[in-house]
>>> print(open('input_17.cif').read())   # mmCIF, C-alpha atoms and all ligand atoms
data_target
loop_
_atom_site.label_atom_id
_atom_site.label_comp_id
_atom_site.auth_asym_id
_atom_site.auth_seq_id
_atom_site.Cartn_x
_atom_site.Cartn_y
_atom_site.Cartn_z
CA MET W 1 0.00 0.00 0.00
CA ASP W 2 2.82 2.44 0.83
CA SER W 3 4.05 2.22 -2.73
CA ILE W 4 0.81 3.85 -3.86
CA LEU W 5 1.74 6.97 -1.91
CA LYS W 6 5.06 7.09 -3.77
CA GLN W 7 3.14 7.53 -7.02
CA ILE W 8 2.03 10.94 -5.84
CA GLN W 9 4.37 13.74 -6.84
CA VAL W 10 3.88 17.05 -5.07
CA VAL W 11 5.02 19.74 -7.51
CA LEU W 12 5.86 23.25 -6.29
CA VAL W 13 6.17 25.75 -9.09
CA GLU W 14 8.69 28.60 -8.82
CA THR W 15 8.49 28.89 -5.08
CA SER W 16 9.97 32.17 -3.85
CA HIS W 17 10.76 31.29 -0.26
CA SER W 18 12.83 28.26 0.60
CA GLY W 19 11.12 28.19 4.00
CA ASN W 20 7.86 27.36 2.24
CA ILE W 21 9.55 24.42 0.53
CA GLY W 22 10.65 23.13 3.94
CA SER W 23 7.20 23.60 5.45
CA ALA W 24 5.61 21.89 2.46
CA ALA W 25 7.97 18.92 2.90
CA ARG W 26 6.92 18.65 6.52
CA ALA W 27 3.24 18.86 5.60
CA MET W 28 3.73 16.09 3.05
CA LYS W 29 5.60 13.77 5.39
CA THR W 30 2.97 14.03 8.11
CA MET W 31 0.50 12.71 5.53
CA GLY W 32 2.77 9.91 4.35
CA LEU W 33 3.86 11.54 1.09
CA SER W 34 7.52 11.72 0.15
CA GLN W 35 7.92 12.65 -3.52
CA LEU W 36 8.64 16.34 -3.89
CA ARG W 37 9.35 18.05 -7.22
CA LEU W 38 10.47 21.64 -7.56
CA VAL W 39 10.09 23.63 -10.73
CA ASN W 40 12.73 26.33 -10.98
CA PRO W 41 12.69 27.38 -7.31
CA LEU W 42 13.78 31.00 -6.80
CA GLN W 43 15.79 30.01 -3.73
CA PRO W 44 17.57 26.67 -3.45
CA ILE W 45 16.99 24.23 -0.60
CA ASP W 46 18.95 26.05 2.08
CA GLU W 47 19.22 26.16 5.85
CA GLN W 48 15.90 27.92 6.18
CA ALA W 49 14.19 25.16 4.20
CA ILE W 50 15.85 22.46 6.29
CA ALA W 51 14.95 24.23 9.54
CA LEU W 52 11.29 24.48 8.60
CA SER W 53 11.12 20.92 7.33
CA ALA W 54 11.85 19.70 10.90
CA GLY W 55 11.81 15.89 10.72
CA ALA W 56 11.15 15.83 6.97
CA LYS W 57 14.72 16.56 5.88
CA ASP W 58 14.71 13.30 3.93
CA VAL W 59 11.90 14.59 1.73
CA LEU W 60 14.04 17.63 0.86
CA GLU W 61 17.10 15.49 0.24
CA GLN W 62 15.21 13.35 -2.25
CA ALA W 63 13.47 16.31 -3.92
CA GLN W 64 13.96 16.56 -7.67
CA THR W 65 14.40 19.89 -9.40
CA PHE W 66 13.16 20.60 -12.92
CA ALA W 67 13.74 23.57 -15.18
CA THR W 68 10.19 23.68 -16.49
CA PHE W 69 6.65 22.77 -15.49
CA ASP W 70 6.33 20.46 -18.50
CA GLU W 71 9.38 18.44 -17.49
CA ALA W 72 8.16 18.10 -13.91
CA ILE W 73 4.85 16.56 -15.00
CA ALA W 74 6.13 14.65 -18.06
CA ASP W 75 5.91 11.13 -16.58
CA CYS W 76 2.59 11.69 -14.79
CA GLN W 77 -0.68 10.21 -16.02
CA LEU W 78 -2.82 12.63 -14.12
CA VAL W 79 -2.15 16.26 -13.25
CA VAL W 80 -4.16 18.00 -10.57
CA GLY W 81 -3.61 21.71 -10.07
CA SER W 82 -4.57 23.72 -7.04
CA SER W 83 -5.50 27.35 -6.97
CA ALA W 84 -7.22 29.91 -4.82
CA ARG W 85 -8.96 31.37 -7.86
CA LEU W 86 -10.69 28.79 -9.98
CA ARG W 87 -14.21 29.98 -10.31
CA HIS W 88 -13.93 30.03 -14.12
CA LEU W 89 -12.91 26.37 -14.36
CA GLN W 90 -16.23 24.90 -13.23
CA SER W 91 -16.15 21.75 -15.36
CA THR W 92 -12.90 20.40 -13.97
CA LEU W 93 -13.17 21.84 -10.49
CA VAL W 94 -13.29 19.38 -7.62
CA ASN W 95 -13.28 19.90 -3.90
CA PRO W 96 -10.30 18.54 -1.95
CA ARG W 97 -12.21 15.48 -0.73
CA LYS W 98 -13.23 14.43 -4.21
CA GLY W 99 -9.74 15.36 -5.41
CA GLY W 100 -8.20 13.01 -2.85
CA GLU W 101 -10.39 10.18 -4.11
CA ILE W 102 -9.50 10.82 -7.74
CA VAL W 103 -5.79 10.95 -6.91
CA MET W 104 -5.95 7.67 -4.98
CA THR W 105 -7.93 5.87 -7.64
CA GLN W 106 -5.47 6.88 -10.34
CA ALA W 107 -2.41 6.30 -8.17
CA GLN W 108 -3.09 2.59 -8.43
CA GLN W 109 -2.20 2.82 -12.11
CA GLY W 110 0.44 5.47 -12.50
CA LYS W 111 2.15 8.64 -11.33
CA ILE W 112 0.11 11.65 -10.34
CA ALA W 113 1.23 15.27 -10.09
CA VAL W 114 -0.43 17.48 -7.52
CA VAL W 115 0.66 20.99 -8.43
CA PHE W 116 0.94 24.11 -6.29
CA GLY W 117 1.61 27.59 -7.61
CA ARG W 118 3.77 30.56 -6.80
CA GLU W 119 3.21 32.37 -3.50
CA ARG W 120 2.29 35.67 -5.13
CA VAL W 121 0.56 34.75 -8.36
CA GLY W 122 -0.29 31.06 -8.20
CA LEU W 123 -0.29 29.02 -11.41
CA THR W 124 -0.44 30.61 -14.87
CA ASN W 125 -3.43 29.99 -17.13
CA ASP W 126 -1.21 27.92 -19.36
CA GLU W 127 -0.18 25.71 -16.43
CA LEU W 128 -3.79 25.40 -15.26
CA LEU W 129 -4.77 24.28 -18.77
CA LYS W 130 -2.35 21.38 -18.51
CA CYS W 131 -4.12 20.05 -15.41
CA HIS W 132 -6.84 17.43 -15.78
CA TYR W 133 -8.53 18.53 -12.58
CA HIS W 134 -8.50 21.68 -10.51
CA LEU W 135 -8.61 21.73 -6.77
CA ASN W 136 -9.86 24.58 -4.69
CA VAL W 137 -10.01 24.60 -0.92
CA PRO W 138 -13.34 26.30 -0.19
CA THR W 139 -11.94 29.14 1.87
CA ASN W 140 -13.45 32.46 2.88
CA PRO W 141 -14.53 34.17 -0.38
CA GLU W 142 -13.32 37.48 1.00
CA TYR W 143 -9.88 36.17 1.89
CA GLY W 144 -9.27 32.80 0.33
CA SER W 145 -5.59 32.58 -0.42
CA LEU W 146 -3.84 30.04 1.79
CA ASN W 147 -0.17 30.03 2.62
CA LEU W 148 1.48 27.59 0.20
CA ALA W 149 2.48 24.99 2.81
CA MET W 150 -0.94 25.15 4.42
CA ALA W 151 -2.58 24.45 1.07
CA VAL W 152 -0.18 21.50 0.71
CA GLN W 153 -1.17 20.31 4.18
CA LEU W 154 -4.90 20.43 3.57
CA ILE W 155 -4.78 18.78 0.18
CA CYS W 156 -2.35 16.08 1.34
CA TYR W 157 -4.67 15.43 4.28
CA GLU W 158 -7.52 14.68 1.90
CA ILE W 159 -5.24 12.41 -0.11
CA ARG W 160 -4.41 10.60 3.10
CA ASN W 161 -8.08 10.20 4.00
CA ALA W 162 -8.70 8.63 0.61
CA TYR W 163 -5.66 6.41 1.11
CA LEU W 164 -6.88 5.18 4.49
CA GLU W 165 -10.28 4.49 2.99
CA LEU W 166 -8.71 2.42 0.23
CA GLU W 167 -6.50 0.56 2.70
CA ASN W 168 -9.58 -0.31 4.72
CA LEU W 169 -11.40 -1.62 1.67
CA GLN W 170 -8.45 -3.78 0.69
CA LYS W 171 -8.25 -5.21 4.19
CA ILE W 172 -11.88 -6.21 4.01
CA GLU W 173 -11.35 -7.72 0.56
CA LYS W 174 -8.40 -9.74 1.81
CA LYS W 175 -10.91 -11.53 4.02
CA GLN W 176 -9.39 -11.76 7.42
CA PRO W 177 -9.80 -15.27 8.87
CA LEU W 178 -13.50 -15.71 9.39
CA VAL W 179 -14.73 -15.73 12.94
CA GLU W 180 -16.50 -18.94 13.81
CA TYR W 181 -19.83 -18.81 15.56
CA PRO W 182 -21.45 -21.66 17.48
CA THR W 183 -24.54 -23.40 16.19
CA ALA W 184 -27.89 -22.83 17.85
CA GLN W 185 -27.60 -26.33 19.25
CA SER W 186 -24.27 -25.69 20.98
CA LEU W 187 -25.73 -22.53 22.43
CA GLU W 188 -28.67 -24.54 23.66
CA TYR W 189 -26.30 -27.00 25.40
CA PHE W 190 -24.52 -24.06 26.94
CA PHE W 191 -27.77 -22.61 28.31
CA GLN W 192 -28.77 -25.99 29.72
CA HIS W 193 -25.34 -26.32 31.30
CA THR W 194 -25.61 -22.80 32.75
CA GLU W 195 -29.04 -23.53 34.21
CA LYS W 196 -27.91 -26.82 35.69
CA VAL W 197 -24.85 -25.32 37.39
CA TYR W 198 -26.56 -22.23 38.77
CA ARG W 199 -29.60 -24.19 39.99
CA ALA W 200 -27.24 -26.49 41.84
CA LEU W 201 -25.55 -23.44 43.37
CA GLY W 202 -28.93 -22.06 44.42
CA PHE W 203 -28.56 -18.93 42.31
CA ILE W 204 -31.40 -19.82 39.93
CA LYS W 205 -34.48 -20.46 41.97
CA ASN W 206 -37.32 -19.95 39.48
CA ASP W 207 -38.06 -19.81 35.76
CA ALA W 208 -37.76 -16.04 35.46
CA MET W 209 -33.97 -15.94 35.47
CA MET W 210 -33.03 -18.07 32.46
CA PRO W 211 -34.75 -15.89 29.83
CA LYS W 212 -32.77 -12.92 31.17
CA ILE W 213 -29.49 -14.82 31.04
CA ARG W 214 -30.29 -16.01 27.55
CA ARG W 215 -30.99 -12.48 26.36
CA LEU W 216 -27.74 -11.27 27.84
CA TYR W 217 -25.66 -13.89 26.05
CA GLN W 218 -27.59 -13.69 22.77
CA ARG W 219 -26.97 -9.99 22.60
CA THR W 220 -23.22 -10.47 22.53
CA HIS W 221 -23.34 -12.89 19.58
CA LEU W 222 -20.80 -15.20 21.20
CA GLU W 223 -17.99 -16.58 19.08
CA THR W 224 -17.15 -20.29 19.34
CA THR W 225 -13.91 -19.63 21.23
CA GLU W 226 -15.77 -17.43 23.69
CA LEU W 227 -18.45 -20.04 24.19
CA ASN W 228 -15.74 -22.59 24.93
CA ILE W 229 -14.34 -20.32 27.63
CA LEU W 230 -17.75 -20.00 29.25
CA ARG W 231 -18.33 -23.74 29.14
CA GLY W 232 -14.88 -24.27 30.64
CA MET W 233 -15.81 -21.91 33.46
CA LEU W 234 -19.00 -23.88 34.16
CA SER W 235 -17.07 -27.15 34.20
CA ALA W 236 -14.51 -25.65 36.61
CA ILE W 237 -17.33 -24.79 39.00
CA GLU W 238 -18.73 -28.32 38.74
CA ASN W 239 -15.32 -29.89 39.31
CA HIS W 240 -14.75 -27.73 42.34
CA ARG W 241 -18.12 -28.71 43.85
CA ASN W 242 -17.56 -32.39 43.21
CA LYS W 243 -14.26 -32.42 45.04
N1 LIG P 1 -2.47 34.93 -5.08
C1 LIG P 1 -2.29 33.58 -5.43
C2 LIG P 1 -2.08 32.77 -4.17
C3 LIG P 1 -1.13 31.73 -4.33
S1 LIG P 1 -0.92 30.85 -2.86
C4 LIG P 1 -3.51 33.05 -6.14
O1 LIG P 1 -4.54 33.65 -5.97
O2 LIG P 1 -3.44 32.05 -6.84
C5 LIG P 1 0.18 29.62 -3.41
C6 LIG P 1 -0.47 28.32 -3.84
O3 LIG P 1 -1.15 27.74 -2.75
C7 LIG P 1 -1.51 28.44 -4.92
O4 LIG P 1 -0.96 28.54 -6.20
C8 LIG P 1 -2.26 27.13 -4.74
O5 LIG P 1 -1.51 26.10 -5.32
C9 LIG P 1 -2.26 27.00 -3.23
N2 LIG P 1 -3.48 27.57 -2.65
C10 LIG P 1 -3.62 28.66 -1.89
N3 LIG P 1 -4.89 28.84 -1.52
C11 LIG P 1 -5.59 27.82 -2.04
C12 LIG P 1 -6.96 27.45 -2.02
N4 LIG P 1 -7.87 28.15 -1.37
N5 LIG P 1 -7.30 26.32 -2.68
C13 LIG P 1 -6.40 25.59 -3.34
N6 LIG P 1 -5.09 25.91 -3.40
C14 LIG P 1 -4.69 27.00 -2.76
#
>>> encode(input="input_17.cif", output="structure tokens")
Amino acid sequence: MDSILKQIQVVLVETSHSGNIGSAARAMKTMGLSQLRLVNPLQPIDEQAIALSAGAKDVLEQAQTFATFDEAIADCQLVVGSSARLRHLQSTLVNPRKGGEIVMTQAQQGKIAVVFGRERVGLTNDELLKCHYHLNVPTNPEYGSLNLAMAVQLICYEIRNAYLELENLQKIEKKQPLVEYPTAQSLEYFFQHTEKVYRALGFIKNDAMMPKIRRLYQRTHLETTELNILRGMLSAIENHRNK
């Protein structure tokens, strides 16, 4: 499953501040993503970037740098661009949750680029045109522009949610060893055994108690191994009394 996350390439286009690259690396790593691509960064990965990456220095060390946007996305089968201003791109616009699902679905087949723009001006129209889908975090319409690394964090979080969802599905499909449940007849023997032991102990004195005990056990939908424990406990009581 982890290899799926490696298919996802986070692409930062012409980032001005190296600190933002470091913070973005940290945001990625917290969400399990590791593949960072930089398009013509205005500052190189420097001390500031490393300081802000905290424990995600490895993401920076592995980061690949490209001269152009086209080169950075060349080997990707799906390109998703993010922007604070996308109102005009209605047909390809998806919210981050849906975007995460699309990314995860496609990541099972090939590399995906998730692209983030420049701090001041975002992505150019030409770059946005090269994206299959456009992601917009539905922020305050009056002040909607997120800090670059925070946009990376939010979008990577949605990718992670979709990843966890997929992981869960695959676990279910793998069919964990099936739990075995006792037959109605074995349960019946157990109830008879219970009644016999507790009548002998003087705890059950009338017919009102057994239906209550039955209801209690039925509600838990006992597994076979659990039923065996209970029967063992009854036998231990009997053995003790017979001593
Ligand atoms: N003034 C620029 C802001 C760029 S912020 C603009 O309006 O585009 C830097 C990058 O962070 C953006 O290019 C985008 O990739 C991401 N970003 C910021 N706010 C976002 C939002 N609300 N939704 C999606 N991405 C966002």
>>> residues_near_ligand(input="input_17.cif", ligand="ligand LIG 1 (chain P)", cutoff="8 Å", atoms="all atoms listed in the file", output="PyMOL selection string")
chain W and resi 12+81-85+115-123+135-139+144-152+155
>>> atom_distance(input="input_17.cif", atom1="CA of Met31 (chain W)", atom2="CA of Leu129 (chain W)")
27.4 Å
>>> atom_distance(input="input_17.cif", atom1="CA of Leu93 (chain W)", atom2="CA of Asp126 (chain W)")
16.1 Å
>>> atom_distance(input="input_17.cif", atom1="CA of Tyr133 (chain W)", atom2="CA of His17 (chain W)")
26.2 Å
>>> closest_atom_pairs(input="input_17.cif", of="region 59-129 of chain W", to="region 47-50 of chain W", cutoff="10 Å", atoms="only C-alpha atoms", output="tab-separated table")
residue	atom	partner	partner_atom	distance
W:Val59	CA	W:Ile50	CA	9.9
W:Leu60	CA	W:Ile50	CA	7.5
W:Glu61	CA	W:Ile50	CA	9.3
>>> closest_residue(input="input_17.cif", among="W:Gly22, W:Gly202, W:Pro41, W:Pro211", to="Ala54 (chain W)", atoms="only C-alpha atoms")
W:Gly22
>>> closest_residue(input="input_17.cif", among="W:Tyr181, W:Thr124, W:Val197, W:Ile102", to="Thr220 (chain W)", atoms="only C-alpha atoms")
W:Tyr181
>>> closest_residue(input="input_17.cif", among="W:Ile112, W:Ile237, W:Leu33, W:Val103", to="Asp75 (chain W)", atoms="all atoms listed in the file")
W:Ile112
>>> closest_residue(input="input_17.cif", among="W:Ser23, W:Ser18, W:Ser34, W:Gln9", to="Ala74 (chain W)", atoms="all atoms listed in the file")
W:Gln9
